[in-house]
file coords_21.tsv (TSV, C-alpha atoms)
chain	number	residue	atom	x	y	z
A	12	MET	CA	71.31	124.73	51.95
A	13	ASP	CA	69.55	122.82	54.70
A	14	THR	CA	71.55	122.86	57.88
A	15	LEU	CA	71.50	119.53	59.62
A	16	PRO	CA	70.54	119.56	63.29
A	17	LEU	CA	73.70	119.25	65.39
A	18	PHE	CA	72.22	118.47	68.77
A	19	SER	CA	69.01	116.64	68.01
A	20	GLY	CA	68.91	113.02	66.87
A	21	LYS	CA	66.15	110.45	66.35
A	22	LYS	CA	65.68	109.51	69.99
A	23	ILE	CA	68.05	111.75	71.92
A	24	ILE	CA	69.22	115.31	72.26
A	25	LEU	CA	72.64	116.56	73.27
A	26	THR	CA	72.56	119.26	75.92
A	27	ALA	CA	75.01	121.16	78.07
A	28	TRP	CA	76.40	119.34	81.09
A	29	THR	CA	74.40	120.26	84.20
A	30	GLU	CA	74.44	119.62	87.93
A	31	GLU	CA	71.77	117.00	87.39
A	32	ASP	CA	74.28	115.01	85.36
A	33	ALA	CA	76.64	114.85	88.32
A	34	GLU	CA	73.84	113.23	90.32
A	35	ALA	CA	73.32	110.71	87.52
A	36	GLU	CA	77.05	110.00	87.30
A	37	ALA	CA	77.21	109.42	91.09
A	38	ARG	CA	74.27	107.00	90.79
A	39	TRP	CA	75.82	105.11	87.85
A	40	SER	CA	79.14	104.77	89.70
A	41	GLU	CA	77.40	102.58	92.29
A	42	ASP	CA	77.34	99.85	89.63
A	43	PRO	CA	80.94	98.53	89.78
A	44	ALA	CA	80.76	97.39	86.16
A	45	TYR	CA	80.11	100.94	84.95
A	46	LEU	CA	83.47	102.52	85.76
A	47	SER	CA	85.52	99.38	85.19
A	48	LEU	CA	84.35	99.31	81.58
A	49	ILE	CA	85.43	102.85	80.82
A	50	GLN	CA	88.38	103.82	83.01
A	51	SER	CA	91.63	102.19	84.01
A	52	GLU	CA	91.57	103.81	87.46
A	53	PRO	CA	90.00	101.52	90.07
A	54	PRO	CA	86.20	101.86	90.04
A	55	ARG	CA	84.67	103.29	93.18
A	56	PRO	CA	81.34	104.84	94.08
A	57	LEU	CA	81.66	108.58	93.49
A	58	SER	CA	80.37	111.21	95.87
A	59	LEU	CA	78.44	114.04	94.31
A	60	ALA	CA	81.50	116.28	94.64
A	61	GLN	CA	83.71	113.71	92.89
A	62	ALA	CA	81.15	113.20	90.13
A	63	ARG	CA	81.01	116.96	89.57
A	64	LYS	CA	84.76	117.13	89.25
A	65	LYS	CA	84.95	114.14	86.90
A	66	ASN	CA	82.95	115.48	83.98
A	67	ARG	CA	82.52	119.18	84.46
A	68	PRO	CA	84.16	120.89	81.52
A	69	ALA	CA	86.14	124.02	82.29
A	70	GLU	CA	83.97	126.80	80.96
A	71	ASP	CA	86.77	128.39	78.99
A	72	ALA	CA	88.30	125.10	77.78
A	73	HIS	CA	89.12	125.12	74.09
A	74	ASP	CA	90.26	121.55	73.98
A	75	ALA	CA	87.16	119.80	75.38
A	76	PHE	CA	83.46	119.62	74.54
A	77	VAL	CA	81.18	117.74	76.91
A	78	PHE	CA	77.49	116.97	76.32
A	79	SER	CA	74.80	115.11	78.22
A	80	ILE	CA	72.83	112.59	76.25
A	81	ARG	CA	69.12	112.94	77.06
A	82	GLU	CA	66.04	111.16	75.89
A	83	GLN	CA	64.09	113.50	73.65
A	84	LYS	CA	60.63	113.03	75.13
A	85	SER	CA	61.42	112.95	78.83
A	86	SER	CA	64.74	114.89	78.92
A	87	ARG	CA	65.99	112.06	81.16
A	88	VAL	CA	69.82	111.88	81.39
A	89	LEU	CA	71.06	108.71	79.68
A	90	GLY	CA	74.79	109.26	79.40
A	91	ILE	CA	77.68	111.51	78.56
A	92	VAL	CA	79.56	112.07	75.32
A	93	SER	CA	82.67	114.20	75.00
A	94	ILE	CA	85.54	115.15	72.76
A	95	ARG	CA	88.64	115.92	74.80
A	96	ASN	CA	92.36	116.45	74.48
A	97	ILE	CA	91.88	118.20	71.17
A	98	GLN	CA	95.19	118.92	69.48
A	99	TRP	CA	94.21	121.66	67.08
A	100	ASN	CA	97.52	121.71	65.22
A	101	HIS	CA	96.96	118.06	64.27
A	102	SER	CA	93.13	118.28	63.97
A	103	LEU	CA	92.76	115.34	66.31
A	104	GLY	CA	90.85	114.54	69.50
A	105	ASP	CA	89.75	111.76	71.86
A	106	LEU	CA	86.14	110.58	71.91
A	107	PHE	CA	84.36	109.27	75.03
A	108	LEU	CA	80.81	107.97	75.12
A	109	THR	CA	78.88	106.19	77.85
A	110	ILE	CA	75.31	105.21	78.49
A	111	GLY	CA	75.24	105.10	82.28
A	112	ASP	CA	72.56	102.62	83.18
A	113	ALA	CA	73.15	99.06	81.88
A	114	ALA	CA	69.40	98.68	81.28
A	115	GLU	CA	69.45	101.61	78.81
A	116	ARG	CA	72.22	100.18	76.62
A	117	ARG	CA	71.63	98.43	73.29
A	118	GLN	CA	68.55	100.48	72.52
A	119	GLY	CA	70.05	102.80	69.95
A	120	TYR	CA	70.62	105.79	72.24
A	121	GLY	CA	74.40	105.51	71.99
A	122	SER	CA	74.43	105.13	68.19
A	123	ASP	CA	72.10	108.08	67.86
A	124	ALA	CA	74.42	110.22	70.02
A	125	LEU	CA	77.48	108.95	68.15
A	126	ASP	CA	76.02	110.03	64.79
A	127	LEU	CA	75.55	113.53	66.14
A	128	VAL	CA	78.89	113.86	67.82
A	129	LEU	CA	80.77	112.58	64.76
A	130	ARG	CA	79.15	115.23	62.60
A	131	PHE	CA	79.94	117.82	65.27
A	132	ALA	CA	83.59	116.69	65.39
A	133	PHE	CA	84.18	116.45	61.65
A	134	HIS	CA	81.95	119.19	60.22
A	135	GLU	CA	81.76	121.72	63.04
A	136	LEU	CA	85.08	121.43	64.88
A	137	ASN	CA	86.64	120.36	61.56
A	138	LEU	CA	88.79	117.68	63.12
A	139	ASP	CA	90.39	115.11	60.82
A	140	HIS	CA	90.72	112.22	63.23
A	141	LEU	CA	89.04	110.86	66.36
A	142	LEU	CA	90.49	108.25	68.70
A	143	ALA	CA	88.58	106.10	71.18
A	144	THR	CA	90.09	103.85	73.83
A	145	VAL	CA	88.38	100.49	74.38
A	146	PHE	CA	89.36	97.73	76.79
A	147	GLU	CA	89.70	94.24	75.34
A	148	PHE	CA	87.02	92.82	77.64
A	149	ASN	CA	84.44	95.41	76.55
A	150	PHE	CA	83.23	93.61	73.40
A	151	PRO	CA	80.03	95.67	73.02
A	152	ALA	CA	82.01	98.93	73.00
A	153	ARG	CA	84.30	97.65	70.30
A	154	GLN	CA	81.37	96.54	68.15
A	155	PHE	CA	79.65	99.85	68.80
A	156	PHE	CA	82.55	101.91	67.45
A	157	GLU	CA	83.30	99.51	64.58
A	158	LYS	CA	79.73	99.80	63.38
A	159	ALA	CA	80.36	103.53	62.96
A	160	GLY	CA	83.54	102.91	60.92
A	161	PHE	CA	86.22	102.97	63.61
A	162	THR	CA	89.09	100.52	63.14
A	163	GLU	CA	91.73	99.22	65.54
A	164	GLU	CA	94.92	101.26	65.27
A	165	VAL	CA	96.85	100.27	68.39
A	166	ARG	CA	96.77	97.25	70.68
A	167	MET	CA	98.69	97.93	73.90
A	168	ARG	CA	99.40	94.42	75.04
A	169	GLU	CA	98.46	93.43	78.60
A	170	ALA	CA	98.14	97.07	79.70
A	171	LEU	CA	95.28	96.27	82.09
A	172	LEU	CA	95.11	93.90	85.04
A	173	ARG	CA	91.48	93.32	85.88
A	174	PHE	CA	89.19	90.43	86.88
A	175	GLY	CA	92.28	88.35	87.68
A	176	ARG	CA	94.08	88.51	84.35
A	177	ARG	CA	95.77	90.83	81.91
A	178	TRP	CA	93.93	92.43	78.99
A	179	ASP	CA	94.93	94.58	76.02
A	180	ARG	CA	94.03	98.22	75.77
A	181	LEU	CA	92.92	99.19	72.26
A	182	ILE	CA	92.93	102.52	70.49
A	183	LEU	CA	90.32	102.70	67.75
A	184	GLY	CA	90.41	105.50	65.19
A	185	LEU	CA	88.17	107.10	62.60
A	186	GLU	CA	89.39	109.59	60.01
A	187	LYS	CA	87.16	112.27	58.56
A	188	SER	CA	87.68	110.98	55.00
A	189	THR	CA	86.38	107.54	56.00
A	190	TRP	CA	83.40	109.05	57.81
A	191	GLU	CA	82.55	111.30	54.86
A	192	SER	CA	82.62	108.48	52.33
A	193	ARG	CA	80.36	106.43	54.59
A	194	GLN	CA	77.96	109.37	54.86
A	195	ARG	CA	77.82	109.65	51.05
A	196	GLN	CA	77.23	105.93	50.79
A	197	PHE	CA	74.32	106.08	53.26
A	198	GLU	CA	72.84	109.12	51.51
A	199	GLY	CA	73.05	107.20	48.21
A	200	GLU	CA	71.24	104.26	49.78
A	201	ARG	CA	68.53	106.55	51.11
A	202	ASP	CA	68.06	108.14	47.66
A	203	TYR	CA	67.80	104.71	46.07
A	204	VAL	CA	65.26	103.49	48.60
A	205	GLY	CA	63.30	106.74	48.42
B	20	MET	CA	124.18	91.64	92.63
B	21	LEU	CA	125.41	94.29	90.25
B	22	ASP	CA	128.54	96.06	91.38
B	23	ARG	CA	127.55	99.37	89.82
B	24	GLY	CA	125.15	102.01	90.98
B	25	VAL	CA	121.55	101.67	89.97
B	26	PHE	CA	121.76	105.01	88.18
B	27	GLN	CA	125.07	104.42	86.43
B	28	GLY	CA	125.50	103.16	82.86
B	29	GLU	CA	128.42	102.75	80.44
B	30	LEU	CA	128.33	106.29	79.03
B	31	VAL	CA	125.92	108.22	81.22
B	32	ARG	CA	124.45	108.44	84.67
B	33	LEU	CA	120.99	109.54	85.73
B	34	ALA	CA	121.13	112.44	88.17
B	35	ALA	CA	118.68	114.62	90.06
B	36	ILE	CA	117.35	117.59	88.14
B	37	ASP	CA	118.35	120.90	89.72
B	38	PRO	CA	115.83	123.45	88.39
B	39	ALA	CA	117.83	126.59	89.22
B	40	ALA	CA	121.09	125.24	87.79
B	41	ASP	CA	119.67	123.32	84.80
B	42	ALA	CA	116.92	125.65	83.49
B	43	GLY	CA	119.28	127.59	81.25
B	44	THR	CA	120.56	124.41	79.56
B	45	PHE	CA	117.00	123.16	78.98
B	46	SER	CA	116.04	126.54	77.52
B	47	GLY	CA	119.01	126.27	75.13
B	48	TRP	CA	117.77	122.85	73.86
B	49	TYR	CA	114.27	124.23	73.39
B	50	HIS	CA	115.56	126.90	71.04
B	51	ASN	CA	116.23	124.06	68.59
B	52	ALA	CA	113.02	123.28	66.69
B	53	GLU	CA	114.41	120.00	65.31
B	54	PHE	CA	114.88	118.70	68.86
B	55	GLN	CA	111.37	119.72	69.93
B	56	LYS	CA	109.76	118.15	66.87
B	57	LEU	CA	111.34	114.80	67.68
B	58	LEU	CA	109.60	114.48	71.02
B	59	ASP	CA	106.64	116.84	71.32
B	60	SER	CA	103.44	117.02	69.28
B	61	ARG	CA	102.78	120.60	70.35
B	62	PRO	CA	103.96	123.30	67.98
B	63	ALA	CA	107.67	123.95	68.50
B	64	ARG	CA	108.40	127.25	70.22
B	65	PRO	CA	111.39	128.75	72.00
B	66	LEU	CA	110.99	128.29	75.75
B	67	SER	CA	112.67	130.52	78.32
B	68	ARG	CA	114.85	129.79	81.32
B	69	GLN	CA	112.02	131.12	83.54
B	70	PHE	CA	109.63	128.60	82.00
B	71	PHE	CA	111.95	125.72	82.84
B	72	GLU	CA	112.64	126.92	86.38
B	73	GLN	CA	108.92	126.43	87.03
B	74	ASP	CA	108.42	123.37	84.83
B	75	LEU	CA	111.43	121.51	86.24
B	76	GLY	CA	110.39	122.62	89.71
B	77	SER	CA	107.15	120.67	89.40
B	78	SER	CA	108.88	117.67	87.80
B	79	ILE	CA	111.10	117.12	90.87
B	80	LYS	CA	108.31	117.02	93.44
B	81	ILE	CA	108.22	113.68	95.22
B	82	SER	CA	105.58	111.64	93.40
B	83	ASN	CA	104.75	107.97	93.09
B	84	THR	CA	103.47	108.34	89.54
B	85	GLN	CA	106.38	110.21	87.98
B	86	TYR	CA	110.18	109.96	88.09
B	87	ALA	CA	112.25	112.42	86.06
B	88	PHE	CA	116.04	112.48	85.84
B	89	ALA	CA	118.80	114.50	84.23
B	90	ILE	CA	121.12	112.56	81.91
B	91	ARG	CA	124.78	113.39	82.46
B	92	ALA	CA	127.70	112.13	80.36
B	93	LEU	CA	130.16	110.19	82.53
B	94	THR	CA	133.02	112.00	80.81
B	95	GLY	CA	132.90	115.64	81.90
B	96	ASP	CA	129.57	115.26	83.72
B	97	GLU	CA	127.84	117.46	81.12
B	98	LEU	CA	124.05	117.70	81.25
B	99	ILE	CA	122.99	116.26	77.85
B	100	GLY	CA	119.29	115.43	78.25
B	101	TRP	CA	116.50	114.15	80.46
B	102	VAL	CA	114.54	110.96	80.82
B	103	GLU	CA	111.32	110.21	82.68
B	104	LEU	CA	108.96	107.51	83.76
B	105	ASP	CA	105.45	108.89	84.20
B	106	ASP	CA	101.70	108.21	84.17
B	107	ILE	CA	102.33	105.19	86.38
B	108	GLU	CA	99.12	103.24	86.99
B	109	TRP	CA	99.76	101.12	90.05
B	110	PRO	CA	96.80	98.73	89.81
B	111	HIS	CA	98.08	97.68	86.38
B	112	ALA	CA	101.81	98.15	87.09
B	113	THR	CA	102.26	100.15	83.90
B	114	GLY	CA	104.06	103.36	83.01
B	115	TRP	CA	105.17	105.59	80.12
B	116	ILE	CA	108.72	106.49	79.16
B	117	GLY	CA	109.99	109.69	77.59
B	118	ILE	CA	113.51	110.79	76.71
B	119	GLY	CA	115.22	113.75	75.08
B	120	ILE	CA	118.90	114.19	74.29
B	121	GLY	CA	119.08	117.95	74.01
B	122	ASN	CA	122.64	118.36	72.83
B	123	PRO	CA	122.84	117.13	69.20
B	124	ALA	CA	126.57	116.42	69.62
B	125	TYR	CA	125.45	113.37	71.63
B	126	TRP	CA	122.98	112.00	69.06
B	127	SER	CA	123.59	108.59	67.43
B	128	LYS	CA	126.44	107.71	69.77
B	129	GLY	CA	124.74	105.41	72.23
B	130	TYR	CA	124.09	107.96	74.99
B	131	GLY	CA	120.29	107.80	74.69
B	132	THR	CA	120.35	104.01	74.49
B	133	ASP	CA	122.45	103.85	77.63
B	134	ALA	CA	120.12	106.21	79.53
B	135	MET	CA	117.10	104.15	78.42
B	136	LYS	CA	118.72	100.95	79.68
B	137	ILE	CA	119.17	102.50	83.12
B	138	LEU	CA	115.60	103.78	83.22
B	139	ILE	CA	114.12	100.45	82.06
B	140	ARG	CA	116.12	98.60	84.71
B	141	PHE	CA	114.90	101.12	87.31
B	142	ALA	CA	111.29	100.76	86.16
B	143	PHE	CA	111.25	96.96	86.27
B	144	LEU	CA	113.58	96.17	89.18
B	145	GLU	CA	113.17	99.12	91.54
B	146	VAL	CA	109.69	100.50	90.82
B	147	GLY	CA	108.34	97.02	90.06
B	148	LEU	CA	106.37	97.72	86.90
B	149	TYR	CA	105.13	95.04	84.49
B	150	ARG	CA	104.75	97.08	81.32
B	151	LEU	CA	106.37	100.17	79.75
B	152	SER	CA	104.79	102.15	76.92
B	153	LEU	CA	106.12	104.83	74.62
B	154	ASN	CA	105.25	106.78	71.50
B	155	VAL	CA	107.56	107.60	68.62
B	156	PHE	CA	106.93	109.81	65.62
B	157	GLU	CA	107.22	108.22	62.18
B	158	TYR	CA	110.02	110.57	61.10
B	159	ASN	CA	112.15	109.79	64.17
B	160	GLU	CA	113.73	106.69	62.67
B	161	ARG	CA	116.77	106.86	64.89
B	162	ALA	CA	114.65	106.57	68.06
B	163	LEU	CA	112.52	103.79	66.56
B	164	ARG	CA	115.64	101.71	65.92
B	165	VAL	CA	116.91	102.32	69.47
B	166	TYR	CA	113.61	101.27	71.04
B	167	GLU	CA	113.48	98.09	68.94
B	168	LYS	CA	117.03	97.27	69.94
B	169	LEU	CA	116.02	97.68	73.59
B	170	GLY	CA	113.25	95.12	73.12
B	171	PHE	CA	110.18	97.34	72.60
B	172	LYS	CA	107.64	95.91	70.16
B	173	VAL	CA	105.53	97.98	67.78
B	174	GLU	CA	101.90	97.65	68.91
B	175	GLY	CA	100.28	99.73	66.23
B	176	ARG	CA	100.29	103.14	64.70
B	177	VAL	CA	97.81	105.96	64.58
B	178	LYS	CA	97.92	106.82	60.91
B	179	ASN	CA	98.19	110.45	59.85
B	180	TYR	CA	98.25	111.62	63.46
B	181	LEU	CA	100.75	114.45	63.03
B	182	ASN	CA	100.45	117.42	60.73
B	183	ARG	CA	103.93	118.77	60.21
B	184	ASP	CA	106.07	120.21	57.42
B	185	GLY	CA	103.11	120.16	55.05
B	186	ARG	CA	102.23	116.51	55.37
B	187	ARG	CA	100.81	113.85	57.66
B	188	TRP	CA	102.89	111.42	59.73
B	189	ASP	CA	101.99	108.39	61.84
B	190	VAL	CA	102.56	108.06	65.57
B	191	ILE	CA	103.92	104.62	66.42
B	192	TYR	CA	103.03	103.00	69.76
B	193	MET	CA	105.44	100.56	71.38
B	194	GLY	CA	105.43	98.41	74.49
B	195	LEU	CA	107.86	96.32	76.53
B	196	LEU	CA	106.69	93.68	79.02
B	197	ARG	CA	108.69	92.56	82.03
B	198	PRO	CA	108.80	88.87	80.92
B	199	GLU	CA	110.15	89.93	77.51
B	200	TRP	CA	112.87	92.15	78.88
B	201	GLN	CA	116.41	90.89	78.88
B	202	GLU	CA	118.98	93.14	80.44
B	203	THR	CA	121.86	93.59	78.02
call {"tool": "encode", "arguments": {"input": "coords_21.tsv", "output": "structure tokens"}}
result
Amino acid sequence: MDTLPLFSGKKIILTAWTEEDAEAEARWSEDPAYLSLIQSEPPRPLSLAQARKKNRPAEDAHDAFVFSIREQKSSRVLGIVSIRNIQWNHSLGDLFLTIGDAAERRQGYGSDALDLVLRFAFHELNLDHLLATVFEFNFPARQFFEKAGFTEEVRMREALLRFGRRWDRLILGLEKSTWESRQRQFEGERDYVG
Amino acid sequence: MLDRGVFQGELVRLAAIDPAADAGTFSGWYHNAEFQKLLDSRPARPLSRQFFEQDLGSSIKISNTQYAFAIRALTGDELIGWVELDDIEWPHATGWIGIGIGNPAYWSKGYGTDAMKILIRFAFLEVGLYRLSLNVFEYNERALRVYEKLGFKVEGRVKNYLNRDGRRWDVIYMGLLRPEWQET
């Protein structure tokens, strides 16, 4: 059989996390919108040491996989994608994905990385279920995950106080069976078109 | 002003955990797989007294993001379980609640409900939180009923989260907001 490439997409590649990524993370954290979209802790500019600590995966960790998202041609760091908190007995994990620089969003890099990491999660790690946390005010993130088949499973009411008001904290989920049937559907469409 | 202690209920009181004295009792509870499966998603396994001496030791460190207590029955002062408020996020004034009644002789008799009432009151009136969250497993119907009675609302469920006893079970997420809470 043909093996599908796990770490190489249309526009991006997934690589190991490197020191260079800590520098990128520290740079992105200077945009206050960056951290406030993805974490409930107060955003603050990160020093290089803090940025290193934030994303560096423990080398022997069995419950976390962290990749840098890089542009294929230039190898430029665009963002970070990770699967963490894997509970192997329940075949379940948490998915995190960010494109660091606001100017690089909405250009297909994130979707390209998501396609790869979903296949990695479901057909390499053999997980059954991925969960992603999205804040109510982050409409693009919600759309982004829904486009890939995620649906809202939990709405924690008013769990965030930010920008002067309370917002819900959402947990979106995608099960392997849903992802697989979507893959078959897309393959069918490709065959038909071809 | 209430004329009873902040940590005193109708059936139980919340007390400090004493790791050296309590570790053996905790270890006894954690030799009961049914108990563990009600409150922990990790595979059930017998846990030793030595484990709890360490684990309880870290749970009693002074912290502003975690408060753990022993539950003691008012009659006889027996240690029957534990309850905790943790993962407090101060900017949002939110926290998570967990409880375990280790001695099955005290199940379904109001002891857990009473301990929860004390902890909720503590969380809202003393700590000053706005929102409390908790998780409950689909098969733990007794706990689900208790939480609903205390005012928690179901906010969704992660379907097929747990893989146990040869089938899948949901994890139910619940929340209670300060303006919704009525002390009973």
call {"tool": "interface_residues", "arguments": {"input": "coords_21.tsv", "of": "chain B", "to": "chain A", "cutoff": "6 Å", "atoms": "only C-alpha atoms", "output": "short mmCIF file (atom, residue, chain, number, x, y, z; two decimals) with C-alpha atoms, in the coordinates of the input"}}
result
data_model
loop_
_atom_site.label_atom_id
_atom_site.label_comp_id
_atom_site.auth_asym_id
_atom_site.auth_seq_id
_atom_site.Cartn_x
_atom_site.Cartn_y
_atom_site.Cartn_z
CA HIS B 111 98.08 97.68 86.38
CA GLU B 174 101.90 97.65 68.91
CA GLY B 175 100.28 99.73 66.23
CA ARG B 176 100.29 103.14 64.70
CA VAL B 177 97.81 105.96 64.58
CA LEU B 181 100.75 114.45 63.03
CA ASN B 182 100.45 117.42 60.73
#
call {"tool": "atom_distance", "arguments": {"input": "coords_21.tsv", "atom1": "atom CA of Gly175 of chain A", "atom2": "atom CA of Gly121 of chain A"}}
result
29.3 Å
call {"tool": "residues_around", "arguments": {"input": "coords_21.tsv", "residues": "Ile94 of chain A", "least_positions_apart": "2", "cutoff": "10 Å", "atoms": "all atoms listed in the file", "output": "list in words"}}
result
Asp74, Ala75, Phe76, Val77, Phe78, Val92, Asn96, Ile97, Leu103, Gly104, Asp105, Leu106, Phe107, Leu108, Val128, Leu129, Phe131, Ala132, Leu141, Leu142 and Ala143 of chain A
call {"tool": "write_last_selection", "arguments": {"input": "coords_21.tsv", "atoms": "C-alpha atoms", "output": "mmCIF file, in the coordinates of the input"}}
result
data_model
loop_
_atom_site.group_PDB
_atom_site.id
_atom_site.type_symbol
_atom_site.label_atom_id
_atom_site.label_comp_id
_atom_site.auth_asym_id
_atom_site.auth_seq_id
_atom_site.Cartn_x
_atom_site.Cartn_y
_atom_site.Cartn_z
ATOM 1 C CA ASP A 74 90.260 121.550 73.980
ATOM 2 C CA ALA A 75 87.160 119.800 75.380
ATOM 3 C CA PHE A 76 83.460 119.620 74.540
ATOM 4 C CA VAL A 77 81.180 117.740 76.910
ATOM 5 C CA PHE A 78 77.490 116.970 76.320
ATOM 6 C CA VAL A 92 79.560 112.070 75.320
ATOM 7 C CA ASN A 96 92.360 116.450 74.480
ATOM 8 C CA ILE A 97 91.880 118.200 71.170
ATOM 9 C CA LEU A 103 92.760 115.340 66.310
ATOM 10 C CA GLY A 104 90.850 114.540 69.500
ATOM 11 C CA ASP A 105 89.750 111.760 71.860
ATOM 12 C CA LEU A 106 86.140 110.580 71.910
ATOM 13 C CA PHE A 107 84.360 109.270 75.030
ATOM 14 C CA LEU A 108 80.810 107.970 75.120
ATOM 15 C CA VAL A 128 78.890 113.860 67.820
ATOM 16 C CA LEU A 129 80.770 112.580 64.760
ATOM 17 C CA PHE A 131 79.940 117.820 65.270
ATOM 18 C CA ALA A 132 83.590 116.690 65.390
ATOM 19 C CA LEU A 141 89.040 110.860 66.360
ATOM 20 C CA LEU A 142 90.490 108.250 68.700
ATOM 21 C CA ALA A 143 88.580 106.100 71.180
#
call {"tool": "closest_residue", "arguments": {"input": "coords_21.tsv", "among": "A:Leu127, A:Arg180, A:Gly199, A:Leu138", "to": "Leu15 of chain A", "atoms": "all atoms listed in the file"}}
result
A:Leu127
call {"tool": "atom_distance", "arguments": {"input": "coords_21.tsv", "atom1": "atom CA of Leu153 of chain B", "atom2": "atom CA of Lys65 of chain A"}}
result
26.2 Å
call {"tool": "residues_near_point", "arguments": {"input": "coords_21.tsv", "point": "(115.3, 104.5, 78.9)", "cutoff": "9 Å", "atoms": "all atoms listed in the file", "output": "list in words"}}
result
Val102, Glu103, Leu104, Ile116, Gly117, Ile118, Gly131, Thr132, Asp133, Ala134, Met135, Lys136, Ile137, Leu138, Ile139, Arg140, Tyr166 and Leu169 of chain B
call {"tool": "axis_aligned_box", "arguments": {"input": "coords_21.tsv", "around": "segment 161-172 of chain B", "padding_each_side": "8 Å", "output": "AutoDock Vina command-line options"}}
result
--center_x 112.3 --center_y 101.0 --center_z 69.2 --size_x 25.4 --size_y 27.7 --size_z 24.7
